Amino acid sequence: MHIPFRLNLTLGLALVSLVILGAVFAPLLTSHDPILDADLMNSEMPPSWDHWFGTDSQGRDVFARVLYGARVSLTIGIVAQAINSTIGIALGLSAGYWGGWWDDVVNGLTNLMLAIPSLVFALAIMAVLGPGVISLLIALGLTNWSWSCRITRSAVMSLKSQGYVQAARTLGYGDIRIMLTQLLPNIVGPVLVMATLGIGEAVLAEAALSFLGLGIRPPAPSWGNMLTDAREAIRSVPWATIFPGLAVFITVLGFNLLGDGVRDWLDPRMQVRA
Amino acid sequence: MSGPLLDIRSLTIGIPNRAGPPLEIVRDLSFDIMPGEVFGLVGESGSGKSASALALMGLNRRPLTTLRGQALYGGQDLLAMPRRSMRKLRGNRISMIFQEPMTALNPLARIGRQIAEMFVLHRGLSWSEARPRAVEALAAVQVPNPEDRARAYPHQLSGGLRQRVMIAMAMACRPDLLIADEPTTALDVTVQAEVLRLIRELCEREGTAVLLISHDLGVIAQMCQRVGVMANGRLLELRDARALFTDPRHPYTRGLLAALPRLGSRATEGRHRLADLDMTIDRNAPDFAATHLIPRGEPA
Amino acid sequence: MSAAPDPAGAPILKVEDLHVRFPVSGGLLGRKRILHAVSGVDLSVQPGQCLSLVGESGCGKSTTALAIMGLQPPSSGAITVEGRPVYGPGAPDRRARARLAQIVFQDPFSTLNPRETVGRALSQPLMLHGVRSRAERAERVATALRQVGLLPEHAARYPHEFSGGQRQRIGIARALILGPRLIVLDEPVSALDVSIRAQIINLLMDLQQNLGLSYLMISHDLGVVEHVSDRVAVMFAGQIVEEGGWREVFTAPAHPYTRRLIETIPNPARLTGGASEILPPAPEPPSGSVFWPPVDRRPDISQPPEPSVLMSIGEDHRVRVRKI
Amino acid sequence: QEVQRGGTLNFTAPYGSSVGTLDITASAEVQTEIVAHAMHRSLYKWNPETGKPEPDLFTEVSVSDDGLTYTYKLRSDAVFHNDKPFTADDVIFSYNRIATPATASPSANFISRINGFDEVQGGSATEMSGLKKIDDHTLEITFTASQDPGFDLMQNYVPIYPSNVDGSTQATQPVGLGPFRFVEHVPGSRVSFERFEGFFGQDDQPYLDRLNIMIMGEAAARDVAFRNREIDVSVLGSQQYQEYQADPDLSKGLLEVAELFTRVVGFDTTKPPFDDKRVRQAVNYGIDKQLIIDKLVKGKAFPAVGFMPTTSPAFDPNAQGYAYDPEKAKALLAEAGHPDGIDLPVIANQNESWGAPIVEAIIPMLSKANIRASVEPVENAVLEDRITGGDFTSFIWSLSSGPDPLNILRCFYSKTAQSACNYTKFSNPEVDRLYEAAQQERDEAKRNDLIRQADGIIREEAPYWFFNYNKAVMAYQPWVHGLKGNPQELAIQDYDKIWIDDTAPADRKPQ
Amino acid sequence: MGRYVLRRLLQMIPTLLAVAALIFLIFSVLPGSFAGTMTGGGRRALSPELVAQINAQFGLDKPLPVRFWDYLVRLVQFDLGTSFRTREPVIDLIAARIWPSLQLALAAMTLAVTVGIPLGFLAAMRPGSLLDSVTMIGAVSGLSMPQFWLGLLLMYVFALQLGWLPSFGYGDGQLRNLILPAIALGFAPMALLARTTRAGVLEVMSSDHIRTAMAKGDSSAQMVRWHVVRNAMVLIVTTLGLQIGSLLGQALVIEKLFSWPGLGSLMVDSVAIRDIPVVQGTILVIVLWFLVINVLVDLVYAAIDPRISLR
Ligand SMILES: Nc1ncnc2c1ncn2[C@@H]1O[C@H](COP(=O)(O)OP(=O)(O)OP(=O)(O)O)[C@@H](O)[C@H]1O
Ligand SMILES: Nc1ncnc2c1ncn2[C@@H]1O[C@H](COP(=O)(O)OP(=O)(O)OP(=O)(O)O)[C@@H](O)[C@H]1O
Ligand SMILES: [Mg+2]
Ligand SMILES: [Mg+2]
């Protein structure tokens, strides 16, 4: 298939792959350990040949922490969003397809999730489960599905009167089978776009929760807790905040651009019917 | 006036292609329209009818581009005209109605205003001066209660009424040429008949020429004096309408006519298989002899 | 209901006094209205025959079709396919119904799932209906494709790789795959252009002959209808206004609405002096009655229809009239 | 330089993003205390220089021989903001109000030694029998123990409210005896005051026309505002301390004080392996606290020797703290039967100088001594709940260690509940004996000596890893004068003694 | 229409009750208690009597269902209860904060609307142009920047470096104090609006009635004025509504940073010390605001789109 050159798609892909490659090949890219190589004697050193991004207040290599932090932050971003998308799609599909009271319930729930600041939920879940990657995944994965749900639901409502859905029913397909085999494949486009955007949001949300001390367990690195730890030192030790900040920025930007690109890319194909 | 109103010469429309020669959607289309004439353009779906009509208005969307050719209107080439002068012609001297009356009107503006816009644009009237003229225009297309209807929104009208509004709009400035791109395809048979009658009456009254595009041979037969048959981007046959229907020359045209189930034919001929035209023409053939028919249906 | 002649035994489809009403809300004030989309329709299709339902847009044809397919629960009335009710306590479930009747939709573009290969679209239902063997499924898919004039290789393709006519063929193949005896065709050709239309019509006629299918065909294209049907029912504003054998209806149309439909069909034959250029004069309604409803005053379907009856005016020809 | 009168001072309340209630008797928050000190006065006041309570609302006091009955001669020149003259009734009213169980006042602790307190709390009386009005300006208070009541009654938490105002209105419309009169509270942003002309202090006091206490929880925002000269005073964290010290201009306006707070990691001394003092000592030996203070706390602390801080009268200047000696730590562990080392899970909040970051820093140090430390970050509310509820193996916290050393020693008394302040469930018969003796001892020097001895035992027993004593640092603009280093809480200043000169920004300087 | 609004308002009641129940549930399983925070952060010894008194005073000693029932009974009498922390009626605490909160939200939204929508329009008029790319990448960047850093950046630049505006505080509610927090808060919605507007305008531009307008001879400017703006608004209003609706709850970081007396920081503070009645109250207000905005959005829809009837 001929993919026309698109700035956002290319740039988005480039940034995202940069971050993912960094995370995957972290051990090859740096010889420093992000946790164990802490040496207070060596703290707050500016960027140098040995420490490309300098060292933080605990004397750890910021470059190594940014790379290894990418593992945590990306995992959280991607898995949490996967959970969100799954919930959103499941609820949106069933509500849009079945309608009736179930639709009302899901709709109410969606509104609720949109209206209550998601931080409150996340806070509650984190406080109950305690800090850590798993709790973060649960906290961020259960609280941000309302958008996917809305989009899925409205897509399903317009799709369900399509001939092929009707045909599937007359062929004896069960409801669940129709949702999974007929509807789901046709809404992946917008849902995928939503998901790429959501990944960026989850990365930012992890940072926000770390701010409140509810991120992952230190001293394990995540961009969120790196930013939190170093925020007071933004003047005197700028490298300790700028680099993780840049990493968050690049990741969110990358996924946003990717999402945009995917949408632009899916658009024309939807218009031109062979 | 003796010469043609619009003279189209070798119109070629294509999609530019960085790597190679452009993909030509319409190739070397030439025909002319006389003042006051109803000229029909028929052809199967995708044969390039709309693309040609839109090219005349300069309205083709990217990536479609007019590659070659001329469309002479009063000595000027529409295809090479600056945008500004083209805008003055559009709606004013040449106007157009589209296939889908449901979406062709702005859903958020009142009917009256959308018609009045024509007078504001081309007659320099103020909105308040234009409003009564819009009501008149509605009355002219036999819309009942034109005063009330002018205040209605498109969704409050039926498809037939909407198409009348489109016609009222197109005829508002008494254009020389009306391009009607499948004006009735979306309509019901009974409504279709009314709309077609209306177009014909109006044009006869105002002396407006019509370029009527359709793939419905019945519609064309009922309306047109001359007909061009298009297939796969090429013009195959250009004939007087009666002659075309009684004595089609091109095998493709013959096939088309044979494929038509004719009302009343069962009584005389019994229940028979319709002639099956599973062919199209080779776009790149130098001329359109029967030998250049190729099997269709394998999309690129 | 009036007894129709019954030459071939039990009808395969029987619709009795079907009513479908939609609640719609209108206007700023949100007052609820009832739309009487279908008001008392009776139909029956004999095995191996084709009944056509014609009428203008919005008169309730599709609603009737959906009701027959079990997709639109009727407000009242009974529908039986091969003697088994479609709704109600004794109704077979969705899967069993699928083997009784199938439907082909109007729009060839939206009837196929763009993300599913044709082969999958055809073999999934088989699997669902208990055909476990992969080879057997492939065999039946190939047969169905061949029946509609496509090649077995086409099974691997996606819908967007087919032209409109080909897609409509696939739609028909899908309707055939479970071997139903009744197929409902909801405007199967109106979205196609002339040449392709002919192919599909030919195909439908061939299939009927070869497989002994029964059709309920919905259309507003009288040219097509005349060509293929055995019987014709003309629908107007939710009611049947004229019904009979194709010959009766087309050669002696009685109801003003039917006449108007035939009149307004643009027909090249007119230009070339074809047969039906001049309609025969309209028969008079039986004395003491008028044809109902009047065409110049379209009935408001948000009101229940005024009482009227279908009256026999010929051997196999009935028209809706109202006593005066 | 001569004192100038007038002008506006923008002071900061640096702990959190709002002041809750304005009624200090209903709150235990420093934010409220900072605000209350501008408006209210208590019977005694604290003299940061001597570290002792001093008379404030009374001029003379006589103590009975048994040390239980105090007769106060109250000031006759004090007036409330609502013009009511101050009398003995106001003291009685205020103390009884605090003691009433219906007010559920966290200040009740401070008056719990007044006779009749328990009856009021129990509901069998509405007024404390220990409070007796002799005349308008003479008040007799009887206590249940002979401890000096000054430390308790000087607290900002036990202010004197006017008896003719319903106490419940104090939350929003406070009326007091203090130098400043309440003007406006913009919750989450600031509290504003104006000079109270009727204040009983020296004639020209307070100097300021207006006082704004700005609520600024974010250090970064405080930093910008201070540099931008929008606030006159800012409390510094360790990072900013280092930055301000390095700045030639800013370093001139730094006020430092050794605060009466001891930062510690506490162990539950009943849970193995921390029930063995050798294990607890091992932790103390295993950490290089000086390095952490230098590098992480940026020198904004004093290494701890024992629990009592350097500014405490019971501090032992000759005592030696634990030196950094990982080998010894390892040896102690082995001796205690843990040759493979131990796990040390620490619950911590996000505080930069006594929270998770500190634990992060001790992890690599302790790992050399075979102690596998880890941090469990929790929200502050959870931290407090878990510490007072005993739901921990160890925790890191900052504990008050003054001003009254006897009160502090009570936290190591085995009969003190864990939830009260004996968080480590410390129990040592010798310390108990010393505490009881000190309670009875009326001679201050001897009492402090007993406490010092107890502190030595505590150091040896090491229920805590003694980390540091806080150094509080305040930055002030060059035009601000009269600030004092208050080791109880640097941010609580005597606002009546602060004045600004005319180099202040135009909108705030004295006219 | 009045009836419609009334019905929509009545429909909010179950949602609000569900919110109340949910928050109640969350905080009943949440570790940490209000009485526990009475140590003042290690400053004060906490006597068990005090804990008991506090719990008794606020009814925390009663079983959860009883407390919830009591809460509901008070709620239907429009009584939001009493704050643990300040012992004032919750409604008073909220009243003190609601106006500054709305001020901030509306100012941020004004910024987002006045900058984001025109930018989106400009970008959509020249898709693929430099302006388009710059605007959209700028917009995406705006969404990738944590609020805290943006706020700090604004403080540094506009207060410290340029000295144009105060860096923090509410002042006496003047505009100068409002500007920086409003920009910090409005930036992300602005970016989002720019993107939505662009997408919406592009969609309208590709719809059939625009082709009609062109066939009528409209110039680009006339077309935008007569046929694009209003139609694009239909698509923009949803995003706008959701943004405005959630802004009250999203402002907390900005409020804390700028010492702005808003509801968001009240909520977070109250969560931190488990002042449950205040948490309940603020969340109910935030949710109510969201729902009211939703109704408004629907009304606006009906006003700009004649096809929509209010049901
Ligand atoms: N924007 C476009 N991009 C690429 N191909 C296009 C575009 N618009 C039209 N085409 C192609 O150009 C050819 C001619 O299209 P056109 O719309 O003129 O057909 P038509 O004769 O009007 O058909 P119909 O009867 O279906 O309206 C078709 O093959 C179509 O697929
Ligand atoms: N789900 C529904 N809710 C409300 N009204 C409906 C619904 N489905 C159909 N209608 C209305 O019922 C009437 C009959 O519709 P139906 O689709 O049966 O017409 P049709 O004869 O098939 O028309 P067409 O030829 O346009 O397909 C129409 O007025 C339609 O608007
Ligand atoms: Mg076309
Ligand atoms: Mg239909």
# chains A, B, ... in the order shown; residues from 1 in each chain; ligands from 1
call {"tool": "residues_near_ligand", "arguments": {"ligand": "ligand 2", "cutoff": "9 Å", "atoms": "only C-alpha atoms and all ligand atoms", "output": "ChimeraX atom specification"}}
result
/B:188 /C:20-24,34-38,54-66,72,106,186-187,218-220,235-238,301
call {"tool": "residues_around", "arguments": {"residues": "Lys216 (chain E)", "least_positions_apart": "3", "cutoff": "7 Å", "atoms": "only C-alpha atoms", "output": "CSV table (one decimal) with all heavy atoms, in the first residue's frame"}}
result
chain,number,residue,atom,x,y,z
B,90,ARG,N,-19.5,31.4,-11.7
B,90,ARG,CA,-20.1,30.3,-11.0
B,90,ARG,C,-21.4,30.8,-10.3
B,90,ARG,O,-21.4,31.8,-9.7
B,90,ARG,CB,-19.2,29.8,-9.8
B,90,ARG,CG,-18.2,28.8,-10.2
B,90,ARG,CD,-17.6,28.3,-8.9
B,90,ARG,NE,-16.2,27.9,-9.2
B,90,ARG,CZ,-15.3,28.1,-8.3
B,90,ARG,NH1,-15.5,28.6,-7.1
B,90,ARG,NH2,-14.0,27.7,-8.5
B,91,GLY,N,-22.4,30.0,-10.5
B,91,GLY,CA,-23.7,30.4,-9.9
B,91,GLY,C,-24.4,31.5,-10.6
B,91,GLY,O,-25.6,31.5,-10.7
B,95,SER,N,-24.4,27.4,-13.4
B,95,SER,CA,-24.7,26.9,-12.1
B,95,SER,C,-24.8,25.4,-12.1
B,95,SER,O,-24.9,24.8,-13.2
B,95,SER,CB,-25.9,27.6,-11.5
B,95,SER,OG,-27.0,27.3,-12.4
B,118,MET,N,-27.4,34.0,-3.3
B,118,MET,CA,-27.1,34.1,-4.8
B,118,MET,C,-27.3,35.6,-5.2
B,118,MET,O,-26.5,36.1,-5.9
B,118,MET,CB,-28.1,33.3,-5.6
B,118,MET,CG,-28.0,31.8,-5.3
B,118,MET,SD,-26.4,31.2,-5.7
B,118,MET,CE,-26.4,31.1,-7.5
E,212,THR,N,-21.4,23.0,-2.8
E,212,THR,CA,-22.5,23.8,-3.3
E,212,THR,C,-22.1,25.3,-3.2
E,212,THR,O,-22.4,26.0,-4.1
E,212,THR,CB,-23.7,23.5,-2.5
E,212,THR,OG1,-23.9,22.1,-2.4
E,212,THR,CG2,-24.9,24.2,-3.1
E,213,ALA,N,-21.6,25.6,-2.0
E,213,ALA,CA,-21.3,27.1,-1.8
E,213,ALA,C,-20.3,27.5,-2.9
E,213,ALA,O,-20.4,28.6,-3.4
E,213,ALA,CB,-20.8,27.3,-0.4
call {"tool": "interface_residues", "arguments": {"of": "chain B", "to": "chain C", "cutoff": "9 Å", "atoms": "only C-alpha atoms", "output": "compact mmCIF listing (two decimals) with N, CA and C atoms, in the first residue's frame"}}
result
# COMPACT_ATOMS: atom_id res chain seq x y z
N GLY B 43 -23.56 7.07 -18.84
CA GLY B 43 -22.41 6.18 -18.69
C GLY B 43 -22.51 5.53 -17.34
N GLU B 44 -21.86 4.40 -17.24
CA GLU B 44 -21.94 3.68 -15.99
C GLU B 44 -21.26 4.47 -14.87
N SER B 45 -21.48 4.00 -13.69
CA SER B 45 -20.89 4.64 -12.53
C SER B 45 -19.37 4.60 -12.64
N LEU B 187 -33.72 10.28 -5.60
CA LEU B 187 -35.14 10.50 -5.36
C LEU B 187 -35.97 9.30 -5.80
N ASP B 188 -37.15 9.30 -5.28
CA ASP B 188 -38.16 8.33 -5.58
C ASP B 188 -38.64 8.52 -7.02
N VAL B 189 -39.11 7.46 -7.64
CA VAL B 189 -39.55 7.59 -9.04
C VAL B 189 -40.58 8.68 -9.26
N THR B 190 -41.58 8.73 -8.39
CA THR B 190 -42.63 9.73 -8.63
C THR B 190 -42.09 11.14 -8.47
N VAL B 191 -41.25 11.33 -7.45
CA VAL B 191 -40.66 12.65 -7.22
C VAL B 191 -39.72 12.99 -8.37
N GLN B 192 -39.01 12.00 -8.83
CA GLN B 192 -38.06 12.20 -9.91
C GLN B 192 -38.77 12.81 -11.13
N ALA B 193 -39.91 12.28 -11.43
CA ALA B 193 -40.63 12.77 -12.60
C ALA B 193 -40.96 14.24 -12.44
N GLU B 194 -41.41 14.62 -11.24
CA GLU B 194 -41.77 16.02 -11.02
C GLU B 194 -40.55 16.92 -11.17
N HIS B 215 -26.89 8.12 -15.05
CA HIS B 215 -26.62 6.82 -15.64
C HIS B 215 -27.92 6.10 -15.96
N ASP B 216 -29.00 6.82 -15.78
CA ASP B 216 -30.30 6.24 -16.05
C ASP B 216 -30.72 6.60 -17.47
N LEU B 217 -30.70 5.60 -18.35
CA LEU B 217 -31.01 5.87 -19.75
C LEU B 217 -32.41 6.41 -19.92
N GLY B 218 -33.29 5.98 -19.04
CA GLY B 218 -34.67 6.46 -19.13
C GLY B 218 -34.74 7.96 -18.94
N VAL B 219 -34.05 8.44 -17.93
CA VAL B 219 -34.05 9.87 -17.65
C VAL B 219 -33.51 10.64 -18.85
N ILE B 220 -32.42 10.14 -19.38
CA ILE B 220 -31.79 10.82 -20.49
C ILE B 220 -32.75 10.85 -21.69
N ALA B 221 -33.36 9.71 -21.93
CA ALA B 221 -34.26 9.61 -23.08
C ALA B 221 -35.39 10.62 -22.97
N GLN B 222 -35.85 10.80 -21.76
CA GLN B 222 -36.99 11.67 -21.54
C GLN B 222 -36.64 13.14 -21.68
N ALA B 241 -30.56 12.23 -29.56
CA ALA B 241 -31.10 11.26 -28.60
C ALA B 241 -31.93 10.17 -29.28
N ARG B 242 -32.85 10.60 -30.12
CA ARG B 242 -33.72 9.60 -30.75
C ARG B 242 -32.88 8.62 -31.55
N PHE B 245 -31.12 6.03 -29.33
CA PHE B 245 -31.93 4.97 -28.74
C PHE B 245 -32.49 4.02 -29.77
N THR B 246 -32.73 4.54 -30.98
CA THR B 246 -33.26 3.63 -32.00
C THR B 246 -32.15 2.89 -32.71
N GLY B 255 -25.08 -2.57 -25.96
CA GLY B 255 -25.14 -3.44 -24.78
C GLY B 255 -25.93 -2.79 -23.66
N LEU B 256 -25.67 -1.54 -23.44
CA LEU B 256 -26.36 -0.82 -22.37
C LEU B 256 -27.87 -0.85 -22.59
N LEU B 257 -28.27 -0.55 -23.80
CA LEU B 257 -29.71 -0.50 -24.08
C LEU B 257 -30.34 -1.87 -23.91
N ALA B 258 -29.59 -2.88 -24.31
CA ALA B 258 -30.16 -4.23 -24.23
C ALA B 258 -30.30 -4.68 -22.79
N ALA B 259 -29.47 -4.15 -21.95
CA ALA B 259 -29.48 -4.59 -20.55
C ALA B 259 -30.64 -4.02 -19.78
N LEU B 260 -31.37 -3.11 -20.40
CA LEU B 260 -32.43 -2.41 -19.69
C LEU B 260 -33.71 -3.23 -19.69
N PRO B 261 -34.23 -3.57 -18.52
CA PRO B 261 -35.54 -4.24 -18.54
C PRO B 261 -36.58 -3.18 -18.91
N ARG B 262 -37.30 -3.42 -19.97
CA ARG B 262 -38.25 -2.40 -20.41
C ARG B 262 -39.63 -2.75 -19.94
N LEU B 263 -40.26 -1.76 -19.41
CA LEU B 263 -41.61 -1.98 -18.92
C LEU B 263 -42.48 -2.38 -20.10
N GLY B 264 -43.23 -3.44 -19.89
CA GLY B 264 -44.11 -3.86 -20.96
C GLY B 264 -43.50 -4.90 -21.87
N SER B 265 -42.20 -5.10 -21.74
CA SER B 265 -41.57 -6.04 -22.66
C SER B 265 -41.91 -7.49 -22.33
N ARG B 266 -42.25 -7.74 -21.04
CA ARG B 266 -42.51 -9.13 -20.68
C ARG B 266 -43.76 -9.66 -21.38
N ALA B 267 -44.73 -8.75 -21.55
CA ALA B 267 -45.97 -9.18 -22.18
C ALA B 267 -45.71 -9.62 -23.60
N THR B 268 -44.78 -8.92 -24.26
CA THR B 268 -44.54 -9.26 -25.65
C THR B 268 -43.47 -10.33 -25.80
N GLY B 270 -42.01 -12.24 -23.14
CA GLY B 270 -41.92 -13.28 -22.12
C GLY B 270 -40.80 -12.98 -21.14
N ARG B 271 -40.65 -13.87 -20.20
CA ARG B 271 -39.65 -13.64 -19.16
C ARG B 271 -38.31 -14.18 -19.67
N HIS B 272 -37.46 -13.26 -20.07
CA HIS B 272 -36.21 -13.68 -20.71
C HIS B 272 -35.03 -13.18 -19.91
N ARG B 273 -33.88 -13.77 -20.20
CA ARG B 273 -32.66 -13.24 -19.60
C ARG B 273 -32.33 -11.91 -20.25
N LEU B 274 -31.90 -10.97 -19.40
CA LEU B 274 -31.52 -9.68 -19.95
C LEU B 274 -30.14 -9.81 -20.59
N ALA B 275 -29.91 -8.99 -21.60
CA ALA B 275 -28.58 -9.00 -22.20
C ALA B 275 -27.59 -8.52 -21.15
N ASP B 276 -26.53 -9.24 -21.06
CA ASP B 276 -25.62 -9.01 -19.95
C ASP B 276 -24.37 -8.32 -20.46
N LEU B 277 -24.16 -7.08 -20.07
CA LEU B 277 -23.02 -6.33 -20.58
C LEU B 277 -21.88 -6.41 -19.57
N ASP B 278 -21.06 -7.41 -19.73
CA ASP B 278 -19.99 -7.55 -18.75
C ASP B 278 -18.68 -7.03 -19.31
N MET B 279 -18.78 -5.93 -19.99
CA MET B 279 -17.60 -5.42 -20.69
C MET B 279 -17.46 -3.94 -20.44
N GLY B 297 -14.47 -5.37 -14.14
CA GLY B 297 -14.67 -5.92 -12.82
C GLY B 297 -13.39 -6.24 -12.09
N GLU B 298 -12.26 -6.12 -12.77
CA GLU B 298 -11.02 -6.33 -12.02
C GLU B 298 -10.48 -4.95 -11.68
N PRO B 299 -10.83 -4.49 -10.50
CA PRO B 299 -10.40 -3.13 -10.18
C PRO B 299 -8.88 -3.05 -10.05
N ALA B 300 -8.39 -1.87 -10.35
CA ALA B 300 -6.95 -1.69 -10.32
C ALA B 300 -6.42 -1.88 -8.91
call {"tool": "interface_residues", "arguments": {"of": "chain A", "to": "chain E", "cutoff": "10 Å", "atoms": "only C-alpha atoms", "output": "MDAnalysis selection string"}}
result
chainID A and resid 6:8 108:109 111:121 123:130 197 200:201 203:205 207:208 212 231 245:246 248:257 260 264
call {"tool": "residues_near_ligand", "arguments": {"ligand": "ligand 3", "cutoff": "7 Å", "atoms": "only C-alpha atoms and all ligand atoms", "output": "number ranges by chain"}}
result
B: 45-46, 49-50, 181-182
call {"tool": "write_last_selection", "arguments": {"atoms": "C-alpha atoms", "output": "mmCIF file, in the first residue's frame"}}
result
data_model
loop_
_atom_site.group_PDB
_atom_site.id
_atom_site.type_symbol
_atom_site.label_atom_id
_atom_site.label_comp_id
_atom_site.auth_asym_id
_atom_site.auth_seq_id
_atom_site.Cartn_x
_atom_site.Cartn_y
_atom_site.Cartn_z
ATOM 1 C CA SER B 45 -20.891 4.638 -12.528
ATOM 2 C CA GLY B 46 -17.284 5.769 -12.367
ATOM 3 C CA LYS B 49 -19.118 12.100 -15.736
ATOM 4 C CA SER B 50 -18.966 13.977 -12.466
ATOM 5 C CA ASP B 181 -25.181 16.003 -11.982
ATOM 6 C CA GLU B 182 -27.573 13.131 -11.412
#
call {"tool": "interface_residues", "arguments": {"of": "chain A", "to": "chain C", "cutoff": "8 Å", "atoms": "only C-alpha atoms", "output": "MDAnalysis selection string"}}
result
chainID A and resid 162:167 169:173 182 185:186 273:274
call {"tool": "interface_residues", "arguments": {"of": "chain E", "to": "chain D", "cutoff": "6 Å", "atoms": "only C-alpha atoms", "output": "PyMOL selection string"}}
result
chain E and resi 31-32+36-38+40+42-43+45-47+53-54+86+160+167+169+256-257+259-261+273
call {"tool": "write_last_selection", "arguments": {"atoms": "N, CA and C atoms", "output": "compact mmCIF listing (two decimals), in the first residue's frame"}}
result
# COMPACT_ATOMS: atom_id res chain seq x y z
N PRO E 31 -6.91 3.94 53.56
CA PRO E 31 -6.20 4.03 54.84
C PRO E 31 -5.97 5.50 55.21
N GLY E 32 -5.68 5.72 56.47
CA GLY E 32 -5.47 7.09 56.93
C GLY E 32 -6.76 7.63 57.51
N GLY E 36 -5.85 10.89 62.93
CA GLY E 36 -4.42 10.63 62.86
C GLY E 36 -3.62 11.86 62.48
N THR E 37 -4.20 12.75 61.69
CA THR E 37 -3.45 13.91 61.26
C THR E 37 -3.32 14.96 62.37
N MET E 38 -3.97 14.69 63.49
CA MET E 38 -3.92 15.64 64.59
C MET E 38 -2.56 15.67 65.31
N GLY E 40 -0.17 16.83 63.90
CA GLY E 40 0.49 17.99 63.33
C GLY E 40 1.83 17.64 62.75
N GLY E 42 4.09 15.02 63.64
CA GLY E 42 5.16 14.70 64.58
C GLY E 42 5.41 15.75 65.64
N ARG E 43 4.56 16.81 65.65
CA ARG E 43 4.80 17.87 66.61
C ARG E 43 4.13 17.59 67.94
N ALA E 45 1.85 15.07 70.66
CA ALA E 45 1.43 13.73 71.06
C ALA E 45 -0.09 13.67 70.94
N LEU E 46 -0.56 12.52 70.55
CA LEU E 46 -1.98 12.39 70.27
C LEU E 46 -2.59 11.54 71.38
N SER E 47 -3.51 12.14 72.16
CA SER E 47 -4.05 11.31 73.23
C SER E 47 -5.22 10.50 72.71
N GLN E 53 -12.83 11.50 71.14
CA GLN E 53 -13.72 12.67 71.11
C GLN E 53 -13.99 13.12 69.68
N ILE E 54 -12.91 13.15 68.90
CA ILE E 54 -13.07 13.61 67.52
C ILE E 54 -13.98 12.66 66.76
N THR E 86 -12.04 22.33 59.80
CA THR E 86 -12.31 23.70 60.26
C THR E 86 -13.55 23.76 61.13
N LEU E 160 9.33 37.05 37.04
CA LEU E 160 10.69 37.29 37.51
C LEU E 160 11.51 38.02 36.45
N SER E 167 3.61 37.01 40.57
CA SER E 167 3.88 35.60 40.31
C SER E 167 2.87 34.69 40.98
N GLY E 169 -0.75 34.34 43.93
CA GLY E 169 -1.72 34.93 44.85
C GLY E 169 -2.98 35.43 44.17
N LYS E 256 -2.55 25.28 43.57
CA LYS E 256 -1.54 25.16 44.61
C LYS E 256 -0.32 26.00 44.26
N LEU E 257 0.10 25.88 43.01
CA LEU E 257 1.31 26.58 42.60
C LEU E 257 1.14 28.08 42.74
N SER E 259 -1.09 29.69 44.61
CA SER E 259 -1.84 30.07 45.82
C SER E 259 -3.18 30.68 45.44
N TRP E 260 -3.88 30.00 44.58
CA TRP E 260 -5.18 30.49 44.13
C TRP E 260 -6.27 29.81 44.94
N PRO E 261 -7.18 30.59 45.50
CA PRO E 261 -8.15 29.99 46.43
C PRO E 261 -9.26 29.21 45.73
N ILE E 273 -5.94 15.15 54.26
CA ILE E 273 -6.14 14.95 55.70
C ILE E 273 -7.43 14.22 55.99
